[in-house]
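Structure file coords-v5.cif; described as mmCIF, N, CA and C atoms.
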```
data_model
#
loop_
_atom_site.label_atom_id
_atom_site.label_comp_id
_atom_site.auth_asym_id
_atom_site.auth_seq_id
_atom_site.Cartn_x
_atom_site.Cartn_y
_atom_site.Cartn_z
N MET G 1 6.33 43.36 12.91
CA MET G 1 5.49 42.29 12.44
C MET G 1 5.41 42.28 10.91
N ASP G 2 5.26 43.46 10.32
CA ASP G 2 5.19 43.56 8.86
C ASP G 2 6.50 43.12 8.22
N GLU G 3 7.61 43.38 8.91
CA GLU G 3 8.93 42.96 8.38
C GLU G 3 9.02 41.44 8.33
N MET G 4 8.48 40.77 9.34
CA MET G 4 8.51 39.31 9.35
C MET G 4 7.65 38.74 8.22
N ILE G 5 6.51 39.33 7.99
CA ILE G 5 5.64 38.87 6.91
C ILE G 5 6.30 39.10 5.56
N THR G 6 6.91 40.26 5.40
CA THR G 6 7.62 40.57 4.15
C THR G 6 8.77 39.61 3.93
N ALA G 7 9.53 39.31 4.99
CA ALA G 7 10.64 38.38 4.89
C ALA G 7 10.15 36.98 4.53
N ALA G 8 9.04 36.56 5.12
CA ALA G 8 8.47 35.25 4.82
C ALA G 8 8.00 35.17 3.37
N LYS G 9 7.39 36.24 2.88
CA LYS G 9 6.94 36.27 1.48
C LYS G 9 8.12 36.22 0.53
N GLU G 10 9.19 36.94 0.85
CA GLU G 10 10.39 36.91 0.01
C GLU G 10 10.99 35.51 -0.03
N LYS G 11 11.03 34.87 1.12
CA LYS G 11 11.58 33.51 1.19
C LYS G 11 10.72 32.55 0.37
N MET G 12 9.40 32.71 0.47
CA MET G 12 8.49 31.86 -0.30
C MET G 12 8.67 32.10 -1.79
N ASN G 13 8.82 33.35 -2.20
CA ASN G 13 9.04 33.65 -3.61
C ASN G 13 10.34 33.06 -4.12
N LYS G 14 11.38 33.09 -3.29
CA LYS G 14 12.66 32.49 -3.68
C LYS G 14 12.52 30.98 -3.83
N THR G 15 11.80 30.36 -2.91
CA THR G 15 11.59 28.92 -2.97
C THR G 15 10.81 28.54 -4.22
N LEU G 16 9.75 29.27 -4.50
CA LEU G 16 8.95 28.98 -5.68
C LEU G 16 9.73 29.19 -6.97
N SER G 17 10.53 30.24 -7.04
CA SER G 17 11.34 30.46 -8.25
C SER G 17 12.41 29.38 -8.38
N PHE G 18 12.91 28.87 -7.24
CA PHE G 18 13.87 27.77 -7.29
C PHE G 18 13.22 26.53 -7.91
N PHE G 19 12.00 26.20 -7.46
CA PHE G 19 11.30 25.05 -8.03
C PHE G 19 10.98 25.27 -9.50
N GLN G 20 10.63 26.48 -9.85
CA GLN G 20 10.33 26.80 -11.24
C GLN G 20 11.54 26.57 -12.13
N GLN G 21 12.70 26.99 -11.65
CA GLN G 21 13.91 26.92 -12.46
C GLN G 21 14.56 25.54 -12.44
N TYR G 22 14.66 24.93 -11.25
CA TYR G 22 15.44 23.70 -11.12
C TYR G 22 14.60 22.45 -10.87
N GLY G 23 13.29 22.58 -10.76
CA GLY G 23 12.42 21.45 -10.47
C GLY G 23 12.57 20.27 -11.41
N PRO G 24 12.57 20.51 -12.72
CA PRO G 24 12.71 19.36 -13.64
C PRO G 24 14.02 18.60 -13.45
N TYR G 25 15.09 19.32 -13.18
CA TYR G 25 16.39 18.65 -12.97
C TYR G 25 16.41 17.91 -11.64
N LEU G 26 15.76 18.49 -10.63
CA LEU G 26 15.67 17.80 -9.34
C LEU G 26 14.85 16.52 -9.45
N ALA G 27 13.79 16.54 -10.25
CA ALA G 27 12.97 15.35 -10.44
C ALA G 27 13.67 14.32 -11.32
N LEU G 28 14.50 14.79 -12.22
CA LEU G 28 15.22 13.87 -13.10
C LEU G 28 16.21 13.01 -12.32
N ALA G 29 16.80 13.55 -11.28
CA ALA G 29 17.82 12.81 -10.52
C ALA G 29 17.27 11.52 -9.90
N PRO G 30 16.18 11.53 -9.11
CA PRO G 30 15.69 10.26 -8.57
C PRO G 30 15.12 9.33 -9.65
N ALA G 31 14.55 9.89 -10.72
CA ALA G 31 14.04 9.05 -11.80
C ALA G 31 15.18 8.30 -12.48
N LEU G 32 16.26 9.01 -12.77
CA LEU G 32 17.42 8.38 -13.40
C LEU G 32 18.09 7.39 -12.46
N ALA G 33 18.19 7.74 -11.19
CA ALA G 33 18.77 6.81 -10.21
C ALA G 33 17.94 5.54 -10.10
N ALA G 34 16.62 5.67 -10.12
CA ALA G 34 15.75 4.50 -10.05
C ALA G 34 15.90 3.63 -11.31
N LEU G 35 15.97 4.27 -12.46
CA LEU G 35 16.14 3.53 -13.70
C LEU G 35 17.45 2.75 -13.69
N LEU G 36 18.54 3.44 -13.37
CA LEU G 36 19.85 2.78 -13.35
C LEU G 36 19.93 1.72 -12.26
N GLY G 37 19.32 2.00 -11.11
CA GLY G 37 19.31 1.02 -10.02
C GLY G 37 18.55 -0.23 -10.39
N SER G 38 17.39 -0.08 -11.02
CA SER G 38 16.62 -1.26 -11.40
C SER G 38 17.34 -2.07 -12.47
N LEU G 39 17.99 -1.39 -13.39
CA LEU G 39 18.77 -2.12 -14.40
C LEU G 39 19.96 -2.83 -13.77
N TYR G 40 20.59 -2.20 -12.79
CA TYR G 40 21.70 -2.85 -12.09
C TYR G 40 21.23 -4.13 -11.40
N TYR G 41 20.14 -4.00 -10.64
CA TYR G 41 19.66 -5.17 -9.88
C TYR G 41 19.23 -6.31 -10.79
N SER G 42 18.64 -6.02 -11.94
CA SER G 42 18.19 -7.10 -12.81
C SER G 42 19.26 -7.60 -13.77
N GLU G 43 20.05 -6.70 -14.34
CA GLU G 43 20.99 -7.10 -15.38
C GLU G 43 22.38 -7.46 -14.85
N ILE G 44 22.81 -6.84 -13.77
CA ILE G 44 24.16 -7.10 -13.25
C ILE G 44 24.09 -8.03 -12.03
N ALA G 45 23.23 -7.69 -11.06
CA ALA G 45 23.12 -8.53 -9.87
C ALA G 45 22.34 -9.81 -10.15
N GLY G 46 21.52 -9.82 -11.20
CA GLY G 46 20.82 -11.03 -11.60
C GLY G 46 19.51 -11.28 -10.87
N TYR G 47 18.95 -10.29 -10.21
CA TYR G 47 17.67 -10.45 -9.52
C TYR G 47 16.53 -10.38 -10.53
N LEU G 48 15.64 -11.35 -10.47
CA LEU G 48 14.49 -11.35 -11.36
C LEU G 48 13.40 -10.44 -10.79
N PRO G 49 12.91 -9.47 -11.57
CA PRO G 49 11.86 -8.59 -11.07
C PRO G 49 10.51 -9.31 -11.02
N CYS G 50 9.75 -9.04 -9.97
CA CYS G 50 8.41 -9.60 -9.86
C CYS G 50 7.45 -8.74 -10.68
N ARG G 51 6.19 -9.11 -10.71
CA ARG G 51 5.22 -8.35 -11.51
C ARG G 51 5.05 -6.93 -11.00
N LEU G 52 5.00 -6.75 -9.69
CA LEU G 52 4.86 -5.40 -9.16
C LEU G 52 6.10 -4.56 -9.48
N CYS G 53 7.26 -5.19 -9.51
CA CYS G 53 8.48 -4.47 -9.92
C CYS G 53 8.37 -4.02 -11.37
N TRP G 54 7.79 -4.89 -12.21
CA TRP G 54 7.60 -4.52 -13.61
C TRP G 54 6.64 -3.35 -13.73
N TYR G 55 5.57 -3.35 -12.94
CA TYR G 55 4.62 -2.23 -12.98
C TYR G 55 5.31 -0.94 -12.56
N GLN G 56 6.16 -1.03 -11.55
CA GLN G 56 6.89 0.16 -11.10
C GLN G 56 7.85 0.65 -12.18
N ARG G 57 8.49 -0.26 -12.87
CA ARG G 57 9.38 0.12 -13.97
C ARG G 57 8.60 0.79 -15.10
N ILE G 58 7.42 0.24 -15.40
CA ILE G 58 6.58 0.82 -16.45
C ILE G 58 6.21 2.26 -16.12
N LEU G 59 6.04 2.54 -14.84
CA LEU G 59 5.70 3.90 -14.42
C LEU G 59 6.93 4.80 -14.28
N MET G 60 8.08 4.24 -13.93
CA MET G 60 9.28 5.05 -13.67
C MET G 60 10.06 5.38 -14.95
N TYR G 61 10.24 4.42 -15.83
CA TYR G 61 11.10 4.64 -16.99
C TYR G 61 10.66 5.83 -17.85
N PRO G 62 9.36 6.00 -18.13
CA PRO G 62 8.99 7.17 -18.93
C PRO G 62 9.26 8.49 -18.22
N LEU G 63 9.30 8.47 -16.89
CA LEU G 63 9.55 9.71 -16.16
C LEU G 63 10.92 10.29 -16.47
N VAL G 64 11.88 9.44 -16.77
CA VAL G 64 13.22 9.92 -17.12
C VAL G 64 13.14 10.73 -18.41
N VAL G 65 12.50 10.20 -19.41
CA VAL G 65 12.40 10.87 -20.70
C VAL G 65 11.53 12.12 -20.59
N VAL G 66 10.39 11.98 -19.92
CA VAL G 66 9.45 13.10 -19.83
C VAL G 66 10.07 14.27 -19.05
N THR G 67 10.74 13.98 -17.94
CA THR G 67 11.35 15.08 -17.17
C THR G 67 12.53 15.69 -17.91
N LEU G 68 13.29 14.88 -18.63
CA LEU G 68 14.41 15.43 -19.41
C LEU G 68 13.90 16.35 -20.51
N VAL G 69 12.90 15.91 -21.24
CA VAL G 69 12.34 16.75 -22.31
C VAL G 69 11.71 18.00 -21.71
N GLY G 70 10.98 17.83 -20.60
CA GLY G 70 10.36 18.98 -19.94
C GLY G 70 11.39 19.98 -19.44
N ALA G 71 12.52 19.48 -18.96
CA ALA G 71 13.59 20.38 -18.49
C ALA G 71 14.21 21.13 -19.66
N LEU G 72 14.48 20.43 -20.74
CA LEU G 72 15.10 21.07 -21.90
C LEU G 72 14.18 22.08 -22.57
N LYS G 73 12.88 21.79 -22.57
CA LYS G 73 11.91 22.71 -23.19
C LYS G 73 11.38 23.74 -22.20
N ARG G 74 11.78 23.62 -20.93
CA ARG G 74 11.28 24.50 -19.86
C ARG G 74 9.75 24.55 -19.87
N ASP G 75 9.16 23.36 -19.91
CA ASP G 75 7.71 23.20 -20.00
C ASP G 75 7.07 23.44 -18.64
N GLU G 76 6.26 24.47 -18.54
CA GLU G 76 5.62 24.79 -17.26
C GLU G 76 4.50 23.82 -16.92
N TYR G 77 4.06 23.03 -17.89
CA TYR G 77 3.01 22.04 -17.65
C TYR G 77 3.57 20.66 -17.29
N LEU G 78 4.85 20.57 -17.05
CA LEU G 78 5.49 19.29 -16.73
C LEU G 78 4.82 18.55 -15.58
N PRO G 79 4.43 19.21 -14.50
CA PRO G 79 3.76 18.45 -13.43
C PRO G 79 2.50 17.73 -13.88
N THR G 80 1.79 18.27 -14.84
CA THR G 80 0.57 17.59 -15.30
C THR G 80 0.88 16.29 -16.04
N TYR G 81 2.07 16.18 -16.60
CA TYR G 81 2.48 14.95 -17.28
C TYR G 81 3.08 13.95 -16.30
N VAL G 82 3.80 14.46 -15.32
CA VAL G 82 4.57 13.60 -14.43
C VAL G 82 3.75 13.09 -13.24
N LEU G 83 2.93 13.94 -12.65
CA LEU G 83 2.22 13.57 -11.43
C LEU G 83 1.34 12.32 -11.56
N PRO G 84 0.60 12.12 -12.64
CA PRO G 84 -0.18 10.87 -12.70
C PRO G 84 0.69 9.62 -12.59
N LEU G 85 1.82 9.61 -13.29
CA LEU G 85 2.71 8.45 -13.23
C LEU G 85 3.35 8.31 -11.85
N SER G 86 3.82 9.41 -11.28
CA SER G 86 4.52 9.31 -10.00
C SER G 86 3.57 8.98 -8.85
N LEU G 87 2.35 9.50 -8.88
CA LEU G 87 1.40 9.19 -7.81
C LEU G 87 0.92 7.74 -7.88
N ILE G 88 0.66 7.25 -9.07
CA ILE G 88 0.30 5.83 -9.22
C ILE G 88 1.48 4.96 -8.82
N GLY G 89 2.69 5.38 -9.19
CA GLY G 89 3.89 4.64 -8.78
C GLY G 89 4.06 4.60 -7.28
N MET G 90 3.71 5.70 -6.61
CA MET G 90 3.76 5.70 -5.14
C MET G 90 2.80 4.65 -4.57
N LEU G 91 1.62 4.56 -5.14
CA LEU G 91 0.64 3.57 -4.66
C LEU G 91 1.14 2.14 -4.87
N VAL G 92 1.65 1.86 -6.06
CA VAL G 92 2.12 0.51 -6.37
C VAL G 92 3.32 0.14 -5.50
N SER G 93 4.30 1.04 -5.42
CA SER G 93 5.50 0.71 -4.64
C SER G 93 5.22 0.72 -3.14
N GLY G 94 4.29 1.56 -2.69
CA GLY G 94 3.91 1.53 -1.28
C GLY G 94 3.24 0.22 -0.92
N TYR G 95 2.33 -0.23 -1.77
CA TYR G 95 1.68 -1.52 -1.58
C TYR G 95 2.72 -2.64 -1.60
N HIS G 96 3.65 -2.57 -2.53
CA HIS G 96 4.69 -3.59 -2.65
C HIS G 96 5.57 -3.62 -1.40
N SER G 97 5.93 -2.44 -0.89
CA SER G 97 6.75 -2.37 0.33
C SER G 97 6.02 -3.00 1.51
N LEU G 98 4.75 -2.68 1.64
CA LEU G 98 3.97 -3.23 2.75
C LEU G 98 3.77 -4.73 2.59
N MET G 99 3.67 -5.20 1.36
CA MET G 99 3.57 -6.64 1.13
C MET G 99 4.87 -7.34 1.52
N GLU G 100 6.00 -6.72 1.20
CA GLU G 100 7.30 -7.30 1.57
C GLU G 100 7.45 -7.41 3.09
N LYS G 101 6.89 -6.44 3.80
CA LYS G 101 6.99 -6.42 5.26
C LYS G 101 5.93 -7.27 5.94
N GLY G 102 5.02 -7.88 5.16
CA GLY G 102 4.02 -8.77 5.72
C GLY G 102 2.74 -8.09 6.16
N VAL G 103 2.59 -6.80 5.88
CA VAL G 103 1.36 -6.09 6.25
C VAL G 103 0.20 -6.60 5.39
N PHE G 104 0.46 -6.82 4.10
CA PHE G 104 -0.54 -7.38 3.19
C PHE G 104 -0.09 -8.77 2.78
N PRO G 105 -1.04 -9.68 2.55
CA PRO G 105 -0.65 -11.02 2.07
C PRO G 105 -0.15 -10.93 0.63
N PRO G 106 0.62 -11.93 0.20
CA PRO G 106 1.10 -11.92 -1.19
C PRO G 106 -0.06 -11.81 -2.17
N SER G 107 0.14 -11.04 -3.20
CA SER G 107 -0.89 -10.77 -4.18
C SER G 107 -1.10 -11.95 -5.11
N ALA G 108 -2.32 -12.11 -5.59
CA ALA G 108 -2.61 -13.16 -6.56
C ALA G 108 -2.01 -12.85 -7.92
N THR G 109 -1.64 -11.58 -8.16
CA THR G 109 -1.05 -11.22 -9.45
C THR G 109 0.40 -11.66 -9.56
N CYS G 110 1.02 -11.99 -8.44
CA CYS G 110 2.44 -12.35 -8.46
C CYS G 110 2.62 -13.81 -8.84
N ALA G 111 3.67 -14.07 -9.58
CA ALA G 111 3.97 -15.42 -10.06
C ALA G 111 4.62 -16.23 -8.95
N ALA G 112 4.48 -17.53 -9.03
CA ALA G 112 5.06 -18.41 -8.02
C ALA G 112 6.59 -18.45 -8.12
N ASP G 113 7.12 -18.31 -9.35
CA ASP G 113 8.57 -18.38 -9.51
C ASP G 113 9.29 -17.13 -9.01
N VAL G 114 8.63 -15.98 -9.03
CA VAL G 114 9.20 -14.74 -8.51
C VAL G 114 8.13 -14.06 -7.64
N PRO G 115 8.03 -14.46 -6.38
CA PRO G 115 6.98 -13.88 -5.53
C PRO G 115 7.25 -12.41 -5.22
N CYS G 116 6.18 -11.65 -5.07
CA CYS G 116 6.29 -10.21 -4.82
C CYS G 116 6.70 -9.89 -3.39
N ASN G 117 6.56 -10.84 -2.48
CA ASN G 117 6.93 -10.57 -1.10
C ASN G 117 8.37 -10.98 -0.79
N LEU G 118 9.13 -11.36 -1.81
CA LEU G 118 10.55 -11.70 -1.65
C LEU G 118 11.40 -10.44 -1.72
N SER G 119 12.25 -10.25 -0.72
CA SER G 119 13.15 -9.08 -0.70
C SER G 119 14.56 -9.54 -1.05
N TYR G 120 15.06 -9.09 -2.20
CA TYR G 120 16.42 -9.44 -2.59
C TYR G 120 17.45 -8.70 -1.75
N VAL G 121 17.16 -7.46 -1.42
CA VAL G 121 18.06 -6.65 -0.60
C VAL G 121 17.30 -6.16 0.62
N ASN G 122 18.05 -5.90 1.69
CA ASN G 122 17.44 -5.40 2.92
C ASN G 122 18.52 -4.60 3.65
N TYR G 123 18.81 -3.42 3.13
CA TYR G 123 19.84 -2.58 3.71
C TYR G 123 19.35 -1.99 5.03
N LEU G 124 20.19 -2.00 6.03
CA LEU G 124 19.89 -1.45 7.35
C LEU G 124 18.65 -2.07 7.98
N GLY G 125 18.24 -3.21 7.49
CA GLY G 125 17.11 -3.91 8.07
C GLY G 125 15.75 -3.46 7.60
N PHE G 126 15.68 -2.46 6.74
CA PHE G 126 14.35 -2.00 6.29
C PHE G 126 14.33 -1.44 4.86
N ILE G 127 15.46 -1.17 4.26
CA ILE G 127 15.49 -0.57 2.92
C ILE G 127 15.52 -1.68 1.87
N THR G 128 14.39 -1.83 1.19
CA THR G 128 14.26 -2.82 0.12
C THR G 128 14.17 -2.09 -1.22
N ILE G 129 14.18 -2.87 -2.29
CA ILE G 129 14.07 -2.27 -3.62
C ILE G 129 12.74 -1.54 -3.76
N ALA G 130 11.66 -2.13 -3.24
CA ALA G 130 10.35 -1.49 -3.33
C ALA G 130 10.32 -0.18 -2.54
N LEU G 131 11.00 -0.14 -1.39
CA LEU G 131 11.05 1.09 -0.61
C LEU G 131 11.87 2.16 -1.33
N MET G 132 12.93 1.74 -2.01
CA MET G 132 13.72 2.69 -2.80
C MET G 132 12.87 3.28 -3.92
N ALA G 133 12.05 2.46 -4.58
CA ALA G 133 11.16 2.95 -5.63
C ALA G 133 10.13 3.89 -5.04
N PHE G 134 9.57 3.54 -3.88
CA PHE G 134 8.60 4.42 -3.23
C PHE G 134 9.22 5.77 -2.91
N THR G 135 10.45 5.77 -2.43
CA THR G 135 11.15 7.02 -2.12
C THR G 135 11.36 7.86 -3.38
N ALA G 136 11.75 7.22 -4.48
CA ALA G 136 11.96 7.96 -5.73
C ALA G 136 10.65 8.56 -6.23
N PHE G 137 9.58 7.76 -6.24
CA PHE G 137 8.28 8.28 -6.67
C PHE G 137 7.82 9.43 -5.78
N THR G 138 8.04 9.31 -4.47
CA THR G 138 7.63 10.36 -3.54
C THR G 138 8.42 11.64 -3.77
N LEU G 139 9.73 11.53 -3.94
CA LEU G 139 10.54 12.72 -4.22
C LEU G 139 10.10 13.41 -5.50
N ILE G 140 9.88 12.63 -6.53
CA ILE G 140 9.44 13.20 -7.81
C ILE G 140 8.10 13.90 -7.63
N SER G 141 7.18 13.28 -6.91
CA SER G 141 5.86 13.88 -6.70
C SER G 141 5.97 15.18 -5.92
N LEU G 142 6.77 15.19 -4.85
CA LEU G 142 6.92 16.40 -4.06
C LEU G 142 7.53 17.54 -4.87
N ILE G 143 8.52 17.22 -5.69
CA ILE G 143 9.14 18.23 -6.54
C ILE G 143 8.13 18.77 -7.55
N MET G 144 7.33 17.88 -8.11
CA MET G 144 6.32 18.32 -9.08
C MET G 144 5.25 19.18 -8.42
N PHE G 145 4.86 18.85 -7.19
CA PHE G 145 3.90 19.71 -6.48
C PHE G 145 4.52 21.08 -6.21
N GLY G 146 5.81 21.11 -5.92
CA GLY G 146 6.51 22.38 -5.75
C GLY G 146 6.52 23.20 -7.02
N MET G 147 6.75 22.52 -8.16
CA MET G 147 6.71 23.23 -9.45
C MET G 147 5.30 23.73 -9.75
N TRP G 148 4.31 22.91 -9.45
CA TRP G 148 2.93 23.28 -9.69
C TRP G 148 2.56 24.52 -8.88
N ALA G 149 2.99 24.56 -7.63
CA ALA G 149 2.74 25.72 -6.78
C ALA G 149 3.47 26.95 -7.31
N ALA G 150 4.62 26.76 -7.92
CA ALA G 150 5.40 27.89 -8.43
C ALA G 150 4.72 28.52 -9.64
N HIS G 151 3.94 27.76 -10.38
CA HIS G 151 3.26 28.32 -11.56
C HIS G 151 1.88 28.75 -11.14
#
```

Would you write the structure of this file as structure tokens?
Amino acid sequence: MDEMITAAKEKMNKTLSFFQQYGPYLALAPALAALLGSLYYSEIAGYLPCRLCWYQRILMYPLVVVTLVGALKRDEYLPTYVLPLSLIGMLVSGYHSLMEKGVFPPSATCAADVPCNLSYVNYLGFITIALMAFTAFTLISLIMFGMWAAH
């Protein structure tokens, strides 16, 4: 029994040290993918972002710079900078995803020319741009919680 507990503790220590060492780079990947994806959809594919998309961009774009600087400086306080943005981004993109699916009515903040409940893409019948943003914010948040636990 003691061997199992010791093995579990060793595994936990390895996991925590992994998050400590590679967490910023792991968080940078979905942030950078979201940034490049949003630029692709607006600048190359020509999709006009709605207001909620703009709010998500405002929350996501700084995460690329903040996580990159935090990774290069090996800043142990990085989760305290990143989590507020990523958690608020989860709320905004989650609300946006549910609005696209008809769970919530269209918001009064959305413009008539670019409604927030319009889905430009719908991969596999359920993957929209808002859901992709929600996934990126969630991954970043989970990685940051892992880093926080490691410190």

Exercise for the section: Output the residue selection produced by the PyMOL selection byres ((chain G and resi 64) around 8) on the file above, formatted as a PyMOL selection string. Expected result: chain G and resi 27-32+35+59-63+65-70

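Every residue that the PyMOL selection byres ((chain G and resi 89) around 7) selects in this file is listed here: Tyr55, Gln56, Leu59, Met60, Pro84, Leu85, Ser86, Leu87, Ile88, Met90, Leu91, Val92, Ser93, Gly94, Ala133, Phe134, Phe137 and Thr138 of chain G.
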
Handout entry: Radius query 5 Å about (11.1, -6.5, 2.9), atoms used: only N, CA and C atoms, as a VMD selection string
Key = chain G and resid 100 to 101 119

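Counting from CA of Ile129 in chain G, the distance to CA of Thr80 in chain G is 26.7 Å.
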
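When CA of Leu142 in chain G is paired with atom N of Lys14 in chain G, their separation reads 17.3 Å.
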
Completion exercise
Closest of G:Tyr47, G:Tyr25, G:Tyr41, G:Phe126 to Val114 in chain G, counting only C-alpha atoms, is G:Tyr47

Problem - Residue IDs satisfying the PyMOL selection byres (((chain G and resi 77 and name CA) around 12) and name CA), as a ChimeraX atom specification - result: /G:20,23-24,66-67,69-71,73-76,78-83,144-145,147-151

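Compared by their closest atoms to Thr109 in chain G, and using only C-alpha atoms, the residues G:Leu26, G:Cys53, G:Ile44, G:Ala34 rank with G:Cys53 nearest.
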
Handout entry: Residue list (helix (DSSP H, G or I), DSSP) for range 5-141 of chain G, as a ChimeraX atom specification
Key = /G:5-44,51-73,78-100,129-141
